[in-house]
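Engineer: Next comes protein24.txt, compact mmCIF, C-alpha atoms:
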# COMPACT_ATOMS: atom_id res chain seq x y z
CA MET K 241 -49.70 -14.21 -8.36
CA HIS K 242 -47.25 -13.06 -5.72
CA GLY K 243 -47.85 -14.05 -2.15
CA ALA K 244 -49.11 -11.50 0.35
CA GLY K 245 -46.39 -9.08 1.30
CA ARG K 246 -44.04 -10.26 -1.44
CA PRO K 247 -42.84 -7.49 -3.75
CA GLY K 248 -43.45 -7.89 -7.47
CA ASP K 249 -40.92 -7.23 -10.20
CA ARG K 250 -41.86 -3.54 -10.40
CA GLU K 251 -41.26 -3.04 -6.69
CA ILE K 252 -37.98 -4.95 -6.87
CA LEU K 253 -36.72 -2.84 -9.76
CA GLY K 254 -37.77 0.29 -7.88
CA LEU K 255 -35.80 -0.86 -4.85
CA ALA K 256 -32.83 -1.57 -7.12
CA ALA K 257 -32.98 1.99 -8.43
CA ARG K 258 -33.08 3.45 -4.92
CA LEU K 259 -30.14 1.33 -3.77
CA SER K 260 -28.16 2.37 -6.84
CA GLU K 261 -28.83 6.04 -6.13
CA ARG K 262 -27.54 5.57 -2.57
CA GLY K 263 -24.43 3.73 -3.75
CA GLN K 264 -25.45 0.48 -2.02
CA PRO K 265 -24.43 -2.91 -3.44
CA PHE K 266 -27.03 -5.58 -4.14
CA ALA K 267 -27.63 -8.58 -6.39
CA LEU K 268 -30.52 -9.35 -8.71
CA ALA K 269 -31.64 -12.96 -9.11
CA THR K 270 -33.78 -13.99 -12.08
CA VAL K 271 -35.27 -17.39 -12.91
CA VAL K 272 -34.05 -18.22 -16.43
CA SER K 273 -35.44 -21.74 -16.79
CA ARG K 274 -37.46 -24.32 -14.88
CA LEU K 275 -38.66 -27.88 -15.22
CA PRO K 276 -41.92 -29.06 -13.61
CA PRO K 277 -43.17 -29.64 -11.06
CA SER K 278 -41.23 -26.62 -9.76
CA SER K 279 -43.52 -23.70 -8.86
CA SER K 280 -40.97 -21.18 -10.14
CA ARG K 281 -41.78 -19.06 -13.19
CA VAL K 282 -39.30 -17.91 -15.80
CA GLY K 283 -38.63 -14.19 -15.31
CA GLN K 284 -39.39 -14.09 -11.60
CA LYS K 285 -37.00 -11.77 -9.79
CA ALA K 286 -35.60 -11.29 -6.31
CA LEU K 287 -33.15 -8.82 -4.82
CA VAL K 288 -30.57 -9.53 -2.12
CA GLU K 289 -28.93 -6.69 -0.19
CA ALA K 290 -25.40 -6.72 1.16
CA ASP K 291 -26.60 -7.77 4.64
CA GLY K 292 -28.51 -10.73 3.15
CA SER K 293 -31.97 -9.11 3.24
CA PHE K 294 -34.08 -10.95 0.66
CA HIS K 295 -36.85 -9.30 -1.38
CA GLY K 296 -39.09 -11.23 -3.76
CA TRP K 297 -39.98 -14.84 -4.39
CA LEU K 298 -38.36 -17.36 -6.73
CA GLY K 299 -40.62 -20.34 -6.26
CA GLY K 300 -39.89 -22.07 -2.96
CA ALA K 301 -38.58 -21.59 0.56
CA CYS K 302 -35.63 -23.91 -0.13
CA ILE K 303 -34.43 -21.63 -2.95
CA GLU K 304 -34.12 -18.48 -0.84
CA PRO K 305 -31.12 -19.46 1.36
CA VAL K 306 -29.21 -20.79 -1.66
CA VAL K 307 -29.73 -17.58 -3.61
CA GLN K 308 -28.87 -15.54 -0.51
CA ARG K 309 -25.55 -17.33 -0.21
CA GLU K 310 -24.62 -17.04 -3.88
CA ALA K 311 -25.77 -13.42 -4.09
CA ARG K 312 -23.52 -12.40 -1.21
CA ALA K 313 -20.64 -14.33 -2.76
CA ALA K 314 -21.29 -12.54 -6.06
CA MET K 315 -21.15 -9.19 -4.30
CA ARG K 316 -17.82 -10.15 -2.74
CA ASP K 317 -16.10 -11.26 -5.94
CA GLY K 318 -18.07 -9.11 -8.41
CA GLN K 319 -18.84 -12.08 -10.66
CA PRO K 320 -22.31 -13.18 -11.88
CA ARG K 321 -23.23 -16.85 -11.74
CA ILE K 322 -25.81 -19.41 -12.80
CA VAL K 323 -27.27 -21.33 -9.86
CA VAL K 324 -29.05 -24.63 -10.52
CA LEU K 325 -31.25 -26.51 -8.06
CA ALA K 326 -31.95 -30.05 -9.27
CA PRO K 327 -33.22 -33.21 -7.55
CA ASP K 328 -30.02 -35.12 -8.33
CA ALA K 329 -27.75 -32.07 -7.87
CA ARG K 330 -26.60 -32.39 -11.48
CA SER K 331 -26.61 -30.03 -14.45
CA ASP K 332 -25.50 -30.14 -18.08
CA ARG K 333 -24.13 -26.61 -17.66
CA ALA K 334 -20.40 -26.65 -16.98
CA ASP K 335 -20.55 -23.06 -15.69
CA ALA K 336 -23.33 -23.69 -13.15
CA ILE K 337 -23.14 -23.84 -9.37
CA VAL K 338 -25.36 -26.81 -8.52
CA TYR K 339 -27.36 -27.53 -5.37
CA PRO K 340 -29.82 -30.34 -4.61
CA MET K 341 -33.47 -29.37 -4.97
CA THR K 342 -35.00 -29.90 -1.53
CA CYS K 343 -38.31 -28.08 -2.04
CA HIS K 344 -41.38 -30.30 -1.72
CA SER K 345 -42.50 -29.18 -5.17
CA GLY K 346 -39.37 -30.70 -6.73
CA GLY K 347 -38.35 -29.95 -10.29
CA THR K 348 -35.31 -28.04 -11.53
CA VAL K 349 -34.67 -24.30 -11.49
CA GLU K 350 -31.90 -22.25 -13.07
CA ILE K 351 -31.33 -18.78 -11.62
CA TYR K 352 -29.05 -16.04 -12.90
CA VAL K 353 -27.48 -14.07 -10.03
CA GLU K 354 -25.96 -10.75 -11.04
CA PRO K 355 -24.16 -8.45 -8.58
CA GLN K 356 -24.82 -4.74 -8.88
CA LEU K 357 -21.91 -2.91 -7.31
CA PRO K 358 -21.82 0.88 -7.01
CA ALA K 359 -19.52 2.66 -9.41
CA PRO K 360 -16.24 3.69 -7.78
CA VAL K 361 -15.95 7.32 -6.72
CA LEU K 362 -13.02 9.52 -7.65
CA ALA K 363 -12.75 12.58 -5.42
CA LEU K 364 -10.74 15.40 -6.96
CA PHE K 365 -9.17 18.03 -4.71
CA GLY K 366 -7.87 21.08 -6.52
CA ASP K 367 -8.63 23.16 -9.60
CA SER K 368 -5.95 22.49 -12.20
CA PRO K 369 -5.55 21.33 -15.82
CA VAL K 370 -4.67 17.86 -14.52
CA THR K 371 -7.87 17.49 -12.47
CA HIS K 372 -9.96 18.83 -15.37
CA ALA K 373 -8.46 16.30 -17.76
CA LEU K 374 -8.75 13.46 -15.25
CA ALA K 375 -12.41 14.27 -14.51
CA ALA K 376 -13.35 13.80 -18.16
CA MET K 377 -11.35 10.59 -18.58
CA ALA K 378 -12.48 9.01 -15.30
CA THR K 379 -16.14 9.65 -16.09
CA GLY K 380 -15.70 7.79 -19.36
CA ALA K 381 -14.00 4.94 -17.47
CA GLY K 382 -17.01 4.45 -15.19
CA TYR K 383 -16.04 6.50 -12.13
CA ARG K 384 -18.42 8.85 -10.37
CA VAL K 385 -16.37 12.02 -10.15
CA ARG K 386 -16.83 14.38 -7.22
CA VAL K 387 -14.98 17.67 -7.02
CA ALA K 388 -14.25 19.02 -3.55
CA GLU K 389 -14.55 22.77 -3.20
CA ALA K 390 -11.80 24.76 -1.50
CA ALA K 391 -14.09 25.62 1.43
CA GLU K 392 -14.77 21.93 2.03
CA VAL K 393 -11.07 21.14 1.98
CA ALA K 394 -10.28 23.93 4.42
CA GLN K 395 -12.90 22.58 6.82
CA ALA K 396 -10.95 19.34 7.06
CA GLY K 397 -8.24 21.18 8.97
CA GLU K 398 -9.00 22.59 12.41
CA GLU K 399 -12.65 21.48 12.20
CA ALA K 400 -11.79 17.93 11.14
CA ASP K 401 -14.17 16.30 13.62
CA ALA K 402 -17.07 18.37 12.32
CA ALA K 403 -16.25 17.93 8.65
CA GLU K 404 -18.33 15.21 7.00
CA PRO K 405 -16.23 12.75 4.99
CA VAL K 406 -16.65 12.57 1.24
CA PRO K 407 -20.12 10.93 0.89
CA VAL K 408 -19.76 7.77 -1.20
CA GLY K 409 -22.15 5.23 0.35
CA LYS K 410 -20.65 1.75 0.05
CA ALA K 411 -18.72 2.58 -3.12
CA GLU K 412 -14.97 2.29 -3.41
CA LEU K 413 -13.31 5.67 -2.99
CA TYR K 414 -10.17 6.94 -4.71
CA ALA K 415 -8.79 10.45 -4.50
CA LEU K 416 -6.41 12.81 -6.23
CA VAL K 417 -4.96 15.81 -4.44
CA ALA K 418 -3.70 18.55 -6.73
CA THR K 419 -4.15 21.64 -4.58
CA LEU K 420 -0.77 23.10 -5.59
CA GLY K 421 0.53 23.12 -2.02
CA VAL K 422 -2.29 25.27 -0.61
CA TRP K 423 -4.49 22.62 1.03
CA ASP K 424 -2.41 19.47 0.53
CA GLU K 425 -2.42 18.18 4.11
CA GLU K 426 -6.09 19.01 4.69
CA ALA K 427 -7.18 17.37 1.43
CA VAL K 428 -5.15 14.22 2.11
CA GLU K 429 -6.61 13.98 5.62
CA ARG K 430 -10.14 14.35 4.29
CA ALA K 431 -9.61 11.58 1.74
CA LEU K 432 -8.02 9.26 4.29
CA ARG K 433 -10.84 9.82 6.81
CA ALA K 434 -13.37 8.92 4.13
CA GLY K 435 -11.61 5.58 3.61
CA ALA K 436 -9.96 6.22 0.25
CA ARG K 437 -8.08 3.18 -1.08
CA TYR K 438 -5.76 5.44 -3.05
CA VAL K 439 -4.77 9.04 -2.43
CA GLY K 440 -2.58 10.34 -5.22
CA LEU K 441 -0.69 13.53 -4.44
CA VAL K 442 0.52 15.76 -7.26
CA ALA K 443 3.58 17.35 -5.71
CA SER K 444 7.36 17.43 -5.88
CA PRO K 445 9.24 14.74 -3.92
CA ARG K 446 10.31 17.37 -1.37
CA ARG K 447 6.75 18.65 -0.91
CA ALA K 448 5.36 15.10 -0.67
CA GLU K 449 7.83 14.26 2.08
CA GLU K 450 6.85 17.43 3.94
CA VAL K 451 3.14 16.48 3.72
CA ARG K 452 3.86 13.03 5.12
CA ARG K 453 5.96 14.51 7.95
CA LEU K 454 3.22 16.97 8.92
CA LEU K 455 0.57 14.22 8.92
CA LEU K 456 2.69 12.11 11.27
CA GLU K 457 3.07 15.13 13.56
CA ARG K 458 -0.72 15.49 13.56
CA GLY K 459 -1.09 11.99 14.94
CA TRP K 460 -1.41 9.83 11.86
CA GLU K 461 0.41 6.52 12.10
CA GLU K 462 2.70 5.34 9.33
CA GLY K 463 0.49 2.36 8.56
CA THR K 464 -2.56 4.56 8.01
CA LEU K 465 -0.74 6.51 5.31
CA THR K 466 -0.33 3.48 3.04
CA PRO K 467 -2.93 4.76 0.50
CA LEU K 468 -0.92 7.99 0.05
CA VAL K 469 1.04 7.86 -3.21
CA SER K 470 3.35 10.52 -4.61
CA PRO K 471 4.16 11.21 -7.30
CA ALA K 472 0.69 10.24 -8.50
CA GLY K 473 0.51 8.21 -11.69
CA LEU K 474 2.56 5.53 -13.41
CA ASP K 475 5.94 6.53 -14.78
CA ILE K 476 5.23 6.78 -18.50
CA GLY K 477 7.20 9.96 -19.11
CA ALA K 478 4.06 12.13 -18.98
CA ARG K 479 4.55 15.88 -19.24
CA GLU K 480 1.35 17.52 -20.49
CA PRO K 481 -1.74 17.70 -18.21
CA ALA K 482 -3.65 15.18 -20.34
CA GLU K 483 -0.70 12.78 -20.30
CA ILE K 484 -0.38 13.11 -16.53
CA ALA K 485 -4.11 12.43 -16.21
CA ILE K 486 -3.70 9.26 -18.31
CA SER K 487 -0.86 8.07 -16.08
CA ILE K 488 -2.99 8.65 -12.97
CA LEU K 489 -6.01 6.87 -14.44
CA ALA K 490 -3.78 3.93 -15.37
CA GLU K 491 -2.54 3.77 -11.78
CA LEU K 492 -6.11 3.87 -10.50
CA ILE K 493 -7.01 0.92 -12.72
CA LEU K 494 -3.97 -0.98 -11.48
CA VAL K 495 -4.88 -0.36 -7.83
CA ARG K 496 -8.54 -1.28 -8.37
CA ARG K 497 -7.73 -4.56 -10.13
CA ARG K 498 -5.20 -5.49 -7.48
CA ASP K 499 -7.72 -4.79 -4.72
CA ALA K 500 -10.39 -6.81 -6.56
CA ASP K 501 -8.03 -9.79 -6.90
CA GLU K 502 -7.21 -9.63 -3.20
CA ARG K 503 -10.89 -9.48 -2.23
CA GLU K 504 -11.69 -12.44 -4.48
CA GLU K 505 -8.88 -14.44 -2.90
CA VAL K 506 -10.13 -13.61 0.59
CA ALA K 507 -13.68 -14.53 -0.45
CA LEU K 508 -12.55 -17.92 -1.75
CA GLU K 509 -10.61 -18.59 1.44
CA GLY K 510 -13.64 -17.58 3.50
CA ASP K 511 -15.91 -19.98 1.60
CA GLY K 512 -13.51 -22.82 2.27
CA ASP K 513 -13.22 -22.07 5.97
CA ALA K 514 -16.91 -21.54 6.68
CA ALA K 515 -17.26 -24.77 8.65
CA GLY K 516 -14.56 -23.63 11.04
CA GLU K 517 -16.06 -20.25 11.84
CA GLU K 518 -17.60 -19.84 15.26
CA GLY K 519 -21.39 -19.74 15.04
CA VAL K 520 -21.47 -21.08 11.45
CA ALA K 521 -22.22 -24.64 10.34
CA VAL K 522 -22.54 -26.25 6.94
CA ASP K 523 -25.75 -27.96 5.83
CA PRO K 524 -24.65 -31.60 5.17
CA VAL K 525 -27.14 -31.89 2.31
CA CYS K 526 -26.65 -28.78 0.18
CA GLY K 527 -23.45 -27.26 1.62
CA MET K 528 -25.21 -24.03 2.59
CA GLU K 529 -23.71 -21.95 5.43
CA VAL K 530 -26.07 -21.81 8.40
CA GLU K 531 -25.84 -19.48 11.38
CA THR K 532 -26.20 -21.83 14.33
CA GLU K 533 -27.66 -19.23 16.68
CA SER K 534 -30.67 -18.49 14.46
CA ALA K 535 -31.01 -21.90 12.78
CA ARG K 536 -34.58 -23.21 12.79
CA HIS K 537 -33.91 -26.64 11.31
CA THR K 538 -31.67 -28.98 13.32
CA LEU K 539 -31.25 -32.69 13.91
CA ASP K 540 -29.48 -34.45 16.78
CA HIS K 541 -27.61 -37.57 15.70
CA GLU K 542 -25.22 -39.58 17.87
CA GLY K 543 -24.68 -36.67 20.23
CA VAL K 544 -24.00 -34.17 17.44
CA THR K 545 -26.35 -31.38 16.40
CA LEU K 546 -26.61 -30.94 12.64
CA PHE K 547 -27.85 -27.67 11.15
CA PHE K 548 -29.87 -27.30 7.95
CA CYS K 549 -30.84 -24.33 5.82
CA CYS K 550 -34.45 -25.47 5.43
CA SER K 551 -36.88 -28.21 6.38
CA GLY K 552 -36.42 -29.90 3.00
CA CYS K 553 -32.71 -30.53 3.62
CA ARG K 554 -33.42 -31.76 7.15
CA GLU K 555 -36.10 -34.18 5.93
CA LYS K 556 -33.90 -35.47 3.12
CA TYR K 557 -31.04 -36.11 5.54
CA ALA K 558 -33.35 -37.84 8.02
CA ARG K 559 -34.86 -39.96 5.27
CA ASP K 560 -31.46 -41.00 3.89
CA LEU K 561 -30.24 -41.72 7.44
CA ALA K 562 -33.24 -43.98 8.10
CA LEU K 563 -32.64 -45.87 4.86
CA ALA K 564 -28.97 -46.37 5.77
CA VAL K 565 -29.87 -47.69 9.24
CA ASP K 566 -32.49 -50.07 7.85
CA ALA K 567 -30.00 -51.39 5.31
Show me, as structure tokens, the structure contained in the file I just sent.

Structural biologist:
Amino acid sequence: MHGAGRPGDREILGLAARLSERGQPFALATVVSRLPPSSSRVGQKALVEADGSFHGWLGGACIEPVVQREARAAMRDGQPRIVVLAPDARSDRADAIVYPMTCHSGGTVEIYVEPQLPAPVLALFGDSPVTHALAAMATGAGYRVRVAEAAEVAQAGEEADAAEPVPVGKAELYALVATLGVWDEEAVERALRAGARYVGLVASPRRAEEVRRLLLERGWEEGTLTPLVSPAGLDIGAREPAEIAISILAELILVRRRDADEREEVALEGDGDAAGEEGVAVDPVCGMEVETESARHTLDHEGVTLFFCCSGCREKYARDLALAVDA
């Protein structure tokens, strides 16, 4: 039985579907094994949103903050993980991330945490053989393709403040501008305002330089034009529209993988520096990050306030401290 107010698996999967439709990232956590006396059940599910909001129940209050932490880390680096909570903080699984089990119920629990990141969006500006070919290829490569109509592009000019950016939710946005010189500047501006990581421009070198010059005259700073790339696509000697589309898709993949590697590196650095962040402490028992302002479980020892993710960690630390003093 689920506790009062706790969503069951059906509600969690329904929430997952709604978040996916809105392009919002989240992570699903599923209990894959347990050893008594843990109150967890194999198959129990929980969902963690990007802001840390936790939905569901996995068998104990001490489990929730651990899963929250690993779920958010999984959303940052895009990698699933096995999380193990065990009384001795040990596991036979070499691929597991292990924490001490601090719940009063005890036992061991293995949880599979899987990030669900929204598919990247490719916004296409322009009606040409290249955009037609790229739309088909990008869809097969897992992109959500959105084609901007000419009227939408035109609105990004004089009515830029009123024009809504390309709606993508929290998904990564990439763009290709192939408007044949008619709406180049307006389309590039629209993509940049929407936060596109890559804006490929199909144009001659002379035309591309003119677009960049006009954008600078309109108030754009050089640093904000970094995503703008022209000619779009890797240099593979492409000539036909389908070949050009392949070269552009290859460049998109290159940019995406590079960005993912950079985000993973930043995430790893952030995990290592957590103890030094203002307002963040590290639980001395399980290593969990704890926001000091909202922490409910603390212990003062020799003039220093220690912060804990849950009462179980605090009690374990206090118990071990008492044993050390008595010895």

Engineer: Between K:Ala436, K:Ala313, K:Leu494, K:Leu364, single out the one closest to K:Pro467, counting only C-alpha atoms.

Structural biologist: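 Closest to K:Pro467 of all the choices is K:Ala436.
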
Engineer: So which residues touch K:Leu489 within 9 Å, counting all atoms listed in the file, skipping near sequence neighbours fewer than 6 positions away, as a list in words?

Structural biologist: Leu374, Met377, Ala378, Ala381, Gly473 and Leu474 of chain K

Engineer: Could you state the separation of atom CA of K:Gly318 and atom CA of K:Ala267 in Å, given to one decimal place?

Structural biologist: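 Calculated distance between atom CA of K:Gly318 and atom CA of K:Ala267 is 9.8 Å.
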
Engineer: Between atom CA of K:Gly366 and atom CA of K:Arg498, what is the distance in Å, rounded to a tenth?

Structural biologist: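 We find that atom CA of K:Gly366 and atom CA of K:Arg498 lie 26.7 Å from each other.
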
Engineer: Between K:Val428, K:Leu287, K:Ser331, K:Ile484, single out the one closest to K:Leu455, counting all atoms listed in the file.

Structural biologist: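 When distances to K:Leu455 are compared using all atoms listed in the file, the smallest one comes from K:Val428.
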
Engineer: Report, as lines of an AutoDock Vina configuration file, the centre and edge lengths in Å (one decimal) of the axis-aligned box enclosing every listed atom of stretch 475-488 of chain K, padded by 8 Å on each side.

Structural biologist:
center_x = 1.5
center_y = 12.1
center_z = -16.7
size_x = 27.3
size_y = 27.2
size_z = 23.5

Engineer: From the options K:Gly346, K:Ser470, K:Leu546, K:Ser487, which residue's atoms come nearest to K:Leu275, counting only C-alpha atoms?

Structural biologist: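 The answer is K:Gly346, which sits nearest to K:Leu275.
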
Engineer: Tell me, in Å to one decimal, how far atom CA of K:Val520 is from atom CA of K:Pro355.

Structural biologist: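 We find that atom CA of K:Val520 and atom CA of K:Pro355 lie 23.8 Å from each other.
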
Engineer: Can you pull out the residues contacting K:Gly421? Cut-off 10 Å, using all atoms listed in the file, and skip same-chain residues under 5 positions away; I want them as an NGL selection string.

Structural biologist: :K and (366 or 441-444 or 447-448 or 451)

Engineer: Taking all atoms listed in the file into account, which of K:Ala388, K:Ala490, K:Ala431, K:Leu259 comes nearest K:Thr464?

Structural biologist: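 Smallest distance to K:Thr464 is found for K:Ala431.
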
Engineer: Smallest atom-to-atom distance to K:Leu357: which of K:Pro265, K:Gly292, K:Pro369, K:Pro277, using all atoms listed in the file?

Structural biologist: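 The shortest atom-to-atom distance to K:Leu357 comes from K:Pro265.
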
Engineer: When distances are computed from all atoms listed in the file, which of K:Glu354, K:Asp523, K:Glu502, K:Glu529 shows the smallest separation from K:Phe548?

Structural biologist: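 Answer, going by the shortest atom-to-atom distance: K:Asp523.
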
Engineer: Please identify all polymer residues within 10 Å of K:Glu555, counting only C-alpha atoms, omitting same-chain residues fewer than 6 positions from it, and present them as number ranges by chain.

Structural biologist: K: 342, 525, 537, 539, 548, 561
